[in-house]
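What follows is the content of start13.cif, which has mmCIF, C-alpha atoms and all ligand atoms:
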data_final
loop_
_atom_site.label_atom_id
_atom_site.label_comp_id
_atom_site.auth_asym_id
_atom_site.auth_seq_id
_atom_site.Cartn_x
_atom_site.Cartn_y
_atom_site.Cartn_z
CA MET P 1 0.00 0.00 0.00
CA LYS P 2 1.24 3.44 -0.90
CA ILE P 3 0.96 6.08 1.81
CA GLY P 4 0.79 9.56 0.29
CA LEU P 5 2.23 12.61 2.05
CA VAL P 6 -0.19 15.32 1.01
CA GLY P 7 -0.88 18.94 1.84
CA TYR P 8 -0.37 22.44 0.56
CA GLN P 9 2.90 23.59 -0.95
CA GLY P 10 5.54 24.41 1.63
CA SER P 11 3.87 22.54 4.50
CA GLY P 12 6.93 20.36 5.00
CA LYS P 13 6.00 17.15 3.16
CA SER P 14 9.43 16.71 1.61
CA THR P 15 11.13 17.49 4.92
CA LEU P 16 9.01 14.87 6.66
CA PHE P 17 9.64 12.37 3.82
CA HIS P 18 13.41 12.91 4.17
CA TRP P 19 13.30 12.43 7.93
CA LEU P 20 11.08 9.33 7.91
CA THR P 21 12.75 7.48 5.02
CA GLY P 22 16.30 8.84 5.18
CA VAL P 23 16.04 9.45 1.42
CA ALA P 24 16.63 13.02 0.23
CA PRO P 25 13.89 14.41 -2.01
CA ASP P 26 15.07 14.54 -5.63
CA PRO P 27 14.01 17.81 -7.31
CA ALA P 28 13.73 15.93 -10.61
CA LEU P 29 10.91 13.86 -9.10
CA ALA P 30 9.09 16.78 -7.47
CA HIS P 31 6.35 16.80 -10.10
CA THR P 32 5.82 13.07 -10.44
CA GLY P 33 6.02 12.07 -6.77
CA GLN P 34 8.87 10.22 -5.09
CA SER P 35 8.60 6.96 -3.24
CA ALA P 36 10.80 5.44 -0.51
CA MET P 37 10.44 2.96 2.33
CA ALA P 38 10.21 3.73 6.06
CA VAL P 39 11.17 0.70 8.13
CA ILE P 40 8.65 -0.20 10.83
CA PRO P 41 10.40 -0.43 14.21
CA GLU P 42 9.46 -3.48 16.23
CA PRO P 43 11.16 -4.16 19.57
CA ARG P 44 9.88 -7.75 19.62
CA VAL P 45 12.32 -8.54 16.78
CA GLU P 46 15.26 -8.17 19.17
CA ARG P 47 13.63 -10.52 21.63
CA LEU P 48 13.11 -13.12 18.89
CA CYS P 49 16.76 -12.76 17.90
CA GLY P 50 17.61 -13.67 21.49
CA VAL P 51 15.85 -17.02 20.94
CA TYR P 52 16.91 -17.86 17.35
CA HIS P 53 20.22 -16.00 16.79
CA PRO P 54 19.27 -15.79 13.09
CA LYS P 55 21.73 -15.12 10.25
CA LYS P 56 19.45 -12.43 8.91
CA VAL P 57 16.89 -9.94 10.20
CA THR P 58 14.38 -8.29 7.87
CA ARG P 59 11.85 -5.66 8.87
CA ALA P 60 8.67 -4.72 7.04
CA ALA P 61 8.50 -1.14 5.78
CA LEU P 62 5.82 1.35 4.78
CA GLU P 63 5.98 2.81 1.29
CA LEU P 64 5.79 6.60 1.57
CA VAL P 65 5.15 8.80 -1.45
CA ASP P 66 6.12 12.48 -1.34
CA THR P 67 3.53 14.14 -3.58
CA PRO P 68 3.70 17.58 -5.19
CA GLY P 69 1.93 20.05 -2.91
CA MET P 70 -1.55 21.21 -3.71
CA SER P 71 -1.99 24.84 -4.59
CA ARG P 72 -4.33 26.95 -2.47
CA THR P 73 -5.51 28.65 -5.64
CA HIS P 74 -6.54 25.25 -7.06
CA GLU P 75 -4.44 25.87 -10.15
CA GLY P 76 -2.97 22.65 -11.54
CA ASN P 77 -4.43 20.56 -8.75
CA ALA P 78 -6.14 18.00 -11.02
CA ALA P 79 -2.88 16.20 -11.88
CA ARG P 80 -1.77 16.32 -8.24
CA LEU P 81 -5.06 14.82 -7.12
CA ALA P 82 -4.63 11.97 -9.60
CA MET P 83 -1.40 11.05 -7.83
CA ILE P 84 -3.05 11.17 -4.40
CA ARG P 85 -5.76 8.88 -5.73
CA GLU P 86 -3.25 6.02 -6.08
CA ALA P 87 -2.47 6.03 -2.37
CA GLY P 88 -4.29 3.71 0.04
CA CYS P 89 -3.74 6.05 2.98
CA LEU P 90 -2.95 9.74 3.36
CA VAL P 91 -0.72 11.69 5.72
CA LEU P 92 -2.03 15.23 5.67
CA VAL P 93 0.76 17.66 6.55
CA ALA P 94 -0.01 21.23 7.65
CA ALA P 95 2.50 23.95 8.48
CA ALA P 96 2.59 25.38 12.00
CA PHE P 97 6.21 26.65 11.92
CA ASP P 98 5.36 29.96 10.27
CA ASP P 99 2.34 32.23 10.40
CA SER P 100 0.08 29.69 8.63
CA ASP P 101 -3.40 29.24 10.01
CA THR P 102 -2.81 25.54 10.60
CA LEU P 103 -6.30 24.47 11.58
CA ALA P 104 -7.85 26.43 8.72
CA ASP P 105 -5.41 24.69 6.34
CA LEU P 106 -6.38 21.25 7.62
CA ARG P 107 -10.05 22.08 7.22
CA SER P 108 -9.69 23.58 3.79
CA PHE P 109 -7.55 20.69 2.54
CA ASP P 110 -10.23 18.24 3.61
CA GLU P 111 -12.75 20.36 1.73
CA ASP P 112 -10.58 20.17 -1.38
CA LEU P 113 -10.66 16.38 -1.14
CA LEU P 114 -14.45 16.40 -0.71
CA LEU P 115 -14.86 18.72 -3.69
CA ALA P 116 -12.74 16.41 -5.83
CA ASP P 117 -14.91 13.44 -4.81
CA MET P 118 -18.07 15.42 -5.46
CA GLU P 119 -16.91 16.19 -8.97
CA ILE P 120 -16.01 12.57 -9.76
CA VAL P 121 -19.26 11.12 -8.41
CA GLY P 122 -21.32 13.94 -9.95
CA ASN P 123 -19.76 13.39 -13.37
CA ARG P 124 -20.41 9.67 -13.21
CA ILE P 125 -24.05 10.24 -12.24
CA GLN P 126 -24.44 12.53 -15.21
CA ARG P 127 -22.98 9.98 -17.60
CA VAL P 128 -25.15 7.20 -16.19
CA GLU P 129 -28.20 9.42 -16.66
CA GLU P 130 -27.24 10.01 -20.30
CA SER P 131 -26.93 6.27 -20.87
CA LEU P 132 -30.25 5.59 -19.13
CA ALA P 133 -31.97 8.02 -21.51
CA LYS P 134 -31.03 5.75 -24.43
CA PRO P 135 -32.58 2.37 -25.27
CA LEU P 136 -30.62 -0.40 -23.54
CA PRO P 137 -30.97 -4.17 -23.02
CA ARG P 138 -32.87 -4.76 -19.79
CA PRO P 139 -30.06 -6.26 -17.65
CA GLU P 140 -27.80 -3.32 -18.47
CA HIS P 141 -30.56 -0.85 -17.81
CA LEU P 142 -31.23 -2.40 -14.40
CA GLN P 143 -27.58 -2.40 -13.53
CA LEU P 144 -27.19 1.27 -14.42
CA GLU P 145 -30.30 2.13 -12.45
CA HIS P 146 -28.80 0.39 -9.46
CA GLU P 147 -25.51 2.26 -9.86
CA HIS P 148 -27.41 5.53 -10.23
CA ALA P 149 -29.40 5.02 -7.03
CA THR P 150 -26.27 4.02 -5.09
CA LEU P 151 -24.22 6.95 -6.34
CA LYS P 152 -27.01 9.39 -5.51
CA VAL P 153 -26.82 8.32 -1.86
CA VAL P 154 -23.02 8.60 -1.86
CA LEU P 155 -23.21 12.06 -3.41
CA GLU P 156 -25.65 13.16 -0.74
CA VAL P 157 -23.17 12.13 1.97
CA ILE P 158 -20.34 14.05 0.29
CA GLU P 159 -22.52 17.10 -0.27
CA SER P 160 -23.42 17.14 3.40
CA GLY P 161 -19.69 17.71 4.03
CA ARG P 162 -19.10 14.29 5.56
CA PRO P 163 -15.99 12.38 4.44
CA LEU P 164 -16.83 8.89 3.20
CA ARG P 165 -14.38 7.31 5.63
CA GLU P 166 -16.68 8.39 8.46
CA SER P 167 -19.92 7.44 6.76
CA HIS P 168 -19.66 3.63 7.12
CA MET P 169 -20.49 2.92 3.50
CA THR P 170 -22.34 -0.31 2.79
CA GLU P 171 -20.53 -3.08 0.93
CA GLU P 172 -22.70 -2.30 -2.08
CA GLN P 173 -21.72 1.38 -2.03
CA GLN P 174 -18.07 0.43 -1.70
CA LYS P 175 -18.37 -1.92 -4.66
CA VAL P 176 -19.87 0.78 -6.86
CA THR P 177 -17.35 3.47 -5.86
CA ARG P 178 -14.17 1.36 -5.56
CA ALA P 179 -12.89 2.09 -9.06
CA PHE P 180 -13.05 5.86 -8.46
CA ARG P 181 -10.63 5.60 -5.52
CA LEU P 182 -12.43 8.44 -3.78
CA LEU P 183 -10.18 10.65 -1.67
CA SER P 184 -12.39 11.23 1.36
CA GLU P 185 -12.71 7.46 1.78
CA LYS P 186 -9.00 6.93 2.44
CA PRO P 187 -7.85 6.59 6.04
CA ARG P 188 -5.60 9.43 7.09
CA LEU P 189 -3.25 10.72 9.74
CA LEU P 190 -2.86 14.45 10.38
CA ILE P 191 0.63 15.80 11.05
CA VAL P 192 1.11 19.36 12.19
CA ASN P 193 4.63 20.52 11.35
CA THR P 194 5.57 22.72 14.31
CA ALA P 195 8.38 25.22 14.82
CA ASP P 196 11.63 24.14 16.51
CA ASP P 197 10.65 26.05 19.64
CA GLU P 198 6.97 25.09 19.77
CA SER P 199 6.11 25.09 23.46
CA GLU P 200 2.54 23.96 23.29
CA PRO P 201 2.02 21.14 20.76
CA GLU P 202 -1.07 20.14 22.78
CA ARG P 203 -2.97 22.99 21.17
CA PHE P 204 -3.01 20.72 18.09
CA THR P 205 -2.76 17.18 19.43
CA SER P 206 -5.61 17.70 21.90
CA LEU P 207 -7.91 18.17 18.89
CA SER P 208 -7.45 14.50 17.91
CA THR P 209 -10.65 12.52 17.49
CA PRO P 210 -11.15 8.77 17.02
CA GLU P 211 -11.52 9.43 13.27
CA ALA P 212 -8.59 11.83 13.01
CA THR P 213 -5.38 11.38 14.96
CA ILE P 214 -3.29 14.55 15.05
CA LEU P 215 0.44 14.34 15.78
CA ALA P 216 2.71 17.36 16.19
CA VAL P 217 6.24 17.05 14.74
CA PRO P 218 8.94 19.71 14.30
CA ALA P 219 9.96 18.07 11.00
CA GLY P 220 12.69 20.57 10.12
CA LEU P 221 14.38 20.16 13.48
CA GLU P 222 14.01 16.37 13.49
CA LEU P 223 15.62 16.16 10.06
CA GLU P 224 18.60 18.21 11.30
CA LEU P 225 18.88 16.07 14.45
CA SER P 226 18.79 12.86 12.41
CA LYS P 227 21.90 13.99 10.53
CA MET P 228 23.92 14.40 13.75
CA SER P 229 25.96 11.71 15.49
CA ALA P 230 24.25 10.17 18.51
CA GLU P 231 26.57 12.03 20.92
CA ASP P 232 26.16 15.45 19.30
CA ARG P 233 22.49 14.89 19.24
CA THR P 234 22.19 14.02 22.92
CA GLU P 235 24.36 17.01 23.80
CA PHE P 236 22.28 19.32 21.59
CA GLU P 237 18.98 18.02 22.97
CA ARG P 238 20.23 18.53 26.51
CA GLU P 239 21.46 22.06 25.87
CA MET P 240 18.27 23.08 24.13
CA GLY P 241 16.02 21.22 26.55
CA LEU P 242 14.46 19.32 23.62
CA VAL P 243 12.34 16.23 23.80
CA ALA P 244 12.89 14.27 20.61
CA THR P 245 9.80 13.20 18.67
CA ASP P 246 9.04 9.52 19.08
CA ARG P 247 9.62 8.48 15.47
CA ASP P 248 8.87 4.85 16.27
CA HIS P 249 5.53 5.81 17.72
CA LEU P 250 4.74 7.88 14.63
CA ILE P 251 5.53 5.02 12.22
CA ARG P 252 3.56 2.53 14.29
CA THR P 253 0.59 4.91 14.46
CA LEU P 254 0.78 5.28 10.70
CA THR P 255 0.85 1.50 10.22
CA ASN P 256 -2.25 1.25 12.37
CA VAL P 257 -4.12 4.16 10.75
CA SER P 258 -3.43 2.69 7.30
CA GLY P 259 -5.35 -0.42 8.39
CA GLN P 260 -2.27 -2.63 8.48
CA MET P 261 -0.55 -4.74 11.12
CA ILE P 262 2.57 -6.86 11.25
CA PHE P 263 3.11 -10.54 11.89
CA PHE P 264 6.32 -12.49 12.42
CA THR P 265 8.14 -15.39 10.85
CA ALA P 266 11.08 -16.74 12.78
CA GLY P 267 13.77 -19.38 12.46
CA ASP P 268 17.53 -19.88 12.62
CA LYS P 269 17.95 -18.46 9.12
CA GLU P 270 15.83 -15.37 9.43
CA VAL P 271 13.65 -13.41 11.83
CA ARG P 272 11.30 -11.24 9.87
CA THR P 273 8.29 -8.95 10.16
CA TRP P 274 5.63 -8.73 7.44
CA LEU P 275 2.77 -6.39 6.70
CA LEU P 276 -0.80 -7.62 6.57
CA ARG P 277 -4.09 -5.78 6.46
CA LYS P 278 -5.83 -5.77 9.83
CA GLY P 279 -8.26 -8.68 9.88
CA GLY P 280 -6.15 -10.56 7.32
CA THR P 281 -6.29 -14.38 7.34
CA ALA P 282 -3.61 -17.06 7.50
CA LEU P 283 -4.04 -17.54 3.75
CA GLU P 284 -3.42 -13.83 3.07
CA ALA P 285 -0.39 -13.91 5.36
CA ALA P 286 0.93 -16.90 3.39
CA ASP P 287 0.33 -15.00 0.14
CA ASN P 288 2.28 -11.99 1.43
CA ILE P 289 5.25 -14.26 2.10
CA HIS P 290 5.07 -16.00 -1.29
CA SER P 291 2.22 -16.82 -3.65
CA ASP P 292 3.41 -20.47 -3.72
CA LEU P 293 2.71 -20.71 0.00
CA ALA P 294 -0.86 -19.54 -0.57
CA ARG P 295 -1.40 -21.84 -3.55
CA GLY P 296 -0.21 -24.96 -1.73
CA PHE P 297 -1.50 -23.89 1.70
CA ILE P 298 -2.12 -26.83 4.05
CA ARG P 299 -2.22 -25.13 7.44
CA ALA P 300 -0.51 -22.48 9.51
CA GLU P 301 1.35 -23.27 12.71
CA VAL P 302 0.98 -20.30 15.00
CA MET P 303 2.52 -19.35 18.33
CA THR P 304 2.84 -15.96 20.00
CA VAL P 305 6.00 -14.01 20.70
CA ALA P 306 4.92 -13.64 24.33
CA ASP P 307 4.62 -17.43 24.78
CA LEU P 308 7.92 -18.10 23.03
CA ILE P 309 9.80 -15.57 25.14
CA ARG P 310 8.19 -16.92 28.30
CA VAL P 311 8.99 -20.62 27.69
CA GLY P 312 12.30 -19.93 25.92
CA SER P 313 12.33 -22.30 22.93
CA GLU P 314 10.23 -23.78 20.15
CA ARG P 315 10.73 -27.22 21.66
CA ASP P 316 9.09 -26.11 24.90
CA ILE P 317 6.33 -24.37 22.95
CA LYS P 318 5.47 -27.73 21.35
CA ALA P 319 5.87 -29.66 24.61
CA GLN P 320 3.41 -27.30 26.28
CA HIS P 321 0.99 -27.47 23.33
CA LEU P 322 1.30 -23.76 22.65
CA MET P 323 1.76 -24.28 18.90
CA ARG P 324 -1.70 -23.98 17.32
CA GLN P 325 -2.71 -25.55 14.01
CA GLU P 326 -4.79 -22.99 12.14
CA PRO P 327 -6.78 -23.21 8.88
CA LYS P 328 -6.85 -20.81 5.90
CA ASP P 329 -9.49 -18.53 7.34
CA TYR P 330 -7.83 -18.04 10.74
CA VAL P 331 -7.58 -14.29 11.42
CA ILE P 332 -3.97 -13.33 12.24
CA GLN P 333 -3.60 -11.60 15.62
CA ASP P 334 -1.04 -9.14 16.91
CA ASP P 335 1.97 -11.03 18.33
CA ASP P 336 1.50 -14.10 16.06
CA ILE P 337 4.52 -15.96 14.72
CA VAL P 338 3.36 -17.84 11.64
CA PHE P 339 4.83 -20.91 9.98
CA VAL P 340 3.04 -22.01 6.82
CA ARG P 341 2.86 -25.71 5.94
CA PHE P 342 2.34 -26.07 2.21
CA SER P 343 2.66 -28.58 -0.61
CA VAL P 344 4.25 -27.81 -3.96
N1 LIG R 401 11.45 26.37 10.39
C1 LIG R 401 10.99 25.30 9.77
N2 LIG R 401 11.04 25.26 8.44
C2 LIG R 401 10.57 24.17 7.81
C3 LIG R 401 10.06 23.06 8.53
N3 LIG R 401 9.66 22.12 7.64
C4 LIG R 401 9.90 22.64 6.43
N4 LIG R 401 10.47 23.84 6.52
C5 LIG R 401 10.88 24.71 5.42
O1 LIG R 401 9.73 25.01 4.64
C6 LIG R 401 10.05 24.96 3.26
C7 LIG R 401 9.16 23.95 2.56
O2 LIG R 401 9.43 22.66 3.07
P1 LIG R 401 9.20 21.37 2.17
O3 LIG R 401 9.47 20.19 3.03
O4 LIG R 401 9.94 21.45 0.88
O5 LIG R 401 7.64 21.51 1.91
P2 LIG R 401 6.71 20.77 0.83
O6 LIG R 401 6.44 21.76 -0.24
O7 LIG R 401 5.48 20.44 1.61
O8 LIG R 401 7.45 19.56 0.36
C8 LIG R 401 11.51 24.59 3.16
O9 LIG R 401 12.25 25.77 3.00
C9 LIG R 401 11.81 23.96 4.50
O10 LIG R 401 13.15 24.13 4.87
C10 LIG R 401 10.03 23.14 9.96
O11 LIG R 401 9.60 22.23 10.66
N5 LIG R 401 10.52 24.29 10.53
MG MG R 402 7.90 18.97 -1.55
#

What does this structure look like when you write it as structure tokens?
Amino acid sequence: MKIGLVGYQGSGKSTLFHWLTGVAPDPALAHTGQSAMAVIPEPRVERLCGVYHPKKVTRAALELVDTPGMSRTHEGNAARLAMIREAGCLVLVAAAFDDSDTLADLRSFDEDLLLADMEIVGNRIQRVEESLAKPLPRPEHLQLEHEHATLKVVLEVIESGRPLRESHMTEEQQKVTRAFRLLSEKPRLLIVNTADDESEPERFTSLSTPEATILAVPAGLELELSKMSAEDRTEFEREMGLVATDRDHLIRTLTNVSGQMIFFTAGDKEVRTWLLRKGGTALEAADNIHSDLARGFIRAEVMTVADLIRVGSERDIKAQHLMRQEPKDYVIQDDDIVFVRFSV
């Protein structure tokens, strides 16, 4: 899943991208969007290494895309919106390090997304109406009528100013709108890019709601700090009385907001974390590892990291019957270590 960093020009998207991925924004890619991975920190990996002493450790990563900033004047935004459409999750960045009206920017950006959705759905309704005015075979006519009725309801929600992500769309509505990749349907995290000397980040973060988590990050400062040696950094933080942003917390929050989770595979060769959508099954987990594992899936053997650390070895896990045999449709839980049995 691509996670798009979006927002108005100059809000600090590229700065945040640089800090989170360690990859410097390339001016040549500024208009097309630039993608890089941000490794997901997971302290349980170290604990698994204590059990397996693997030759290799691999961590799952989020794919971040630095998109060209939207213009407040709406000029040239169509192409930029097309890029945002490809993302499965959005990080909305708003400036709070200058004299920007941060909260107004967040609100108005959300309105821009709603307007874009309104236009797409409205245009489709119009085209369906044109088709319905012509003679059509009955099954096609019925299908278009159904699409028309569904889209009308969706349009009403958007016109009421409610983002689709908060409207609990029915499966039918989702089916009809899926291909449009509507913007207000995407899950999103709000990041307020604060000044180096921001003394009251709570004025933003306290506005978080269950639907919209707001994090405050001095992205410019964090990027500078990340370029320093550990010693210089500690010294600098102490002198300035700074509390470093919890980058790990940010990345984990983003993983969660994007509707994803991680699961583990572990052995003497490799300890590894993998991404899976929340609610994903053993079969989907197998498919993420390799499509062959999904095709030949027999069963998954599942234990938890907590159990393994507690009893100390796989042998004791088996002896204490803590290794579960799970079928295809088992829903993977946080803390699961998965071993897929398959036939070729
Ligand atoms: N003081 C300060 N300046 C920042 C911060 N983040 C970005 N900037 C500056 O704001 C300008 C735009 O930042 P950039 O990341 O390119 O924004 P983008 O257009 O959203 O990609 C650049 O000159 C940055 O150096 C910040 O946290 N503090
Ligand atoms: Mg930029």

Worksheet entry | Distance query Arg47 in chain P at most 10 Å, only C-alpha atoms, self and fewer than 3 positions along chain excluded, as a list in words | Glu42, Pro43, Arg44, Gly50, Val51, Tyr52, His53, Val305, Ala306, Leu308 and Ile309 of chain P

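CA of Trp19 in chain P is found 11.9 Å from CA of Val39 in chain P.
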
Fill in: Residue among P:Arg247, P:Arg295, P:His321, P:Arg85 lying closest to Thr21 in chain P, counting all atoms listed in the file
P:Arg247

Worksheet item: Of the residues P:Ala244, P:Ala82, P:Val45, P:Ala286, which is the one nearest to Ala216 in chain P, using all atoms listed in the file?
Response: P:Ala244

Discussion item. Around ligand MG 402 (chain R), out to 12 Å and counting only C-alpha atoms and all ligand atoms, which residues are there? I want them as number ranges by chain.
Written reply: P: 4-18, 24-34, 65-71, 93

Practice prompt. Return the single residue from P:Leu114, P:Ala96, P:Ile332, P:Leu182 that is closest to ligand LIG 401 (chain R), with distances computed using only C-alpha atoms and all ligand atoms.
Written response: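 The closest residue to ligand LIG 401 (chain R) is P:Ala96.
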
All residues 6 Å or closer to range 257-268 of chain P, all atoms listed in the file, same chain fewer than 5 positions away omitted, as a tab-separated table (two decimals) with C-alpha atoms, in the coordinates of the input:
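Result went into around.tsv, see below:
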chain	number	residue	atom	x	y	z
P	52	TYR	CA	16.91	-17.86	17.35
P	54	PRO	CA	19.27	-15.79	13.09
P	89	CYS	CA	-3.74	6.05	2.98
P	273	THR	CA	8.29	-8.95	10.16
P	274	TRP	CA	5.63	-8.73	7.44
P	275	LEU	CA	2.77	-6.39	6.70
P	276	LEU	CA	-0.80	-7.62	6.57
P	277	ARG	CA	-4.09	-5.78	6.46
P	278	LYS	CA	-5.83	-5.77	9.83
P	336	ASP	CA	1.50	-14.10	16.06
P	337	ILE	CA	4.52	-15.96	14.72
P	338	VAL	CA	3.36	-17.84	11.64

Practice prompt. Return the single residue from P:Ala294, P:Val23, P:Val154, P:Ala219 that is closest to ligand LIG 401 (chain R), with distances computed using all atoms listed in the file.
Written response: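 The answer is P:Ala219, which sits nearest to ligand LIG 401 (chain R).
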
Worksheet entry | Pick from P:Ala38, P:Ala179, P:Leu48, P:His141 nearest to Gly312 in chain P, counting only C-alpha atoms | P:Leu48

Response to the item:
For Asp112 in chain P, the closest of P:Leu90, P:Leu183, P:Leu144, P:Ala60 counting only C-alpha atoms is P:Leu183

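Going from CA of Pro187 in chain P to CA of Arg80 in chain P covers 18.3 Å.
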
Worksheet item: What is the CA of Leu151 in chain P-CA of Val121 in chain P distance in Å, reported with one decimal?
Response: 6.8 Å

Discussion item. Using all atoms listed in the file, which protein or nucleic acid residues come within 9 Å of Asp197 in chain P? Drop anything in the same chain fewer than 4 positions from it, and give the result as JSON, numbers by chain.
Written reply: {"P": [97, 218, 242]}

Emit as lines of an AutoDock Vina configuration file the padded axis-aligned box for all listed atoms of ligand LIG 401 (chain R), 6 Å per side, with centre and edge lengths in Å to one decimal.
center_x = 9.3
center_y = 23.0
center_z = 5.2
size_x = 19.7
size_y = 18.8
size_z = 22.9

Discussion item. Need to verify the contact set: range 99-104 of chain P, 12 Å, only C-alpha atoms, exclusion of same-chain residues closer than 3 positions in sequence. Can you return it as an MDAnalysis selection string?
Written reply: chainID P and resid 7:11 72 92:96 107:111 190:195 203:205 207:208 214 216
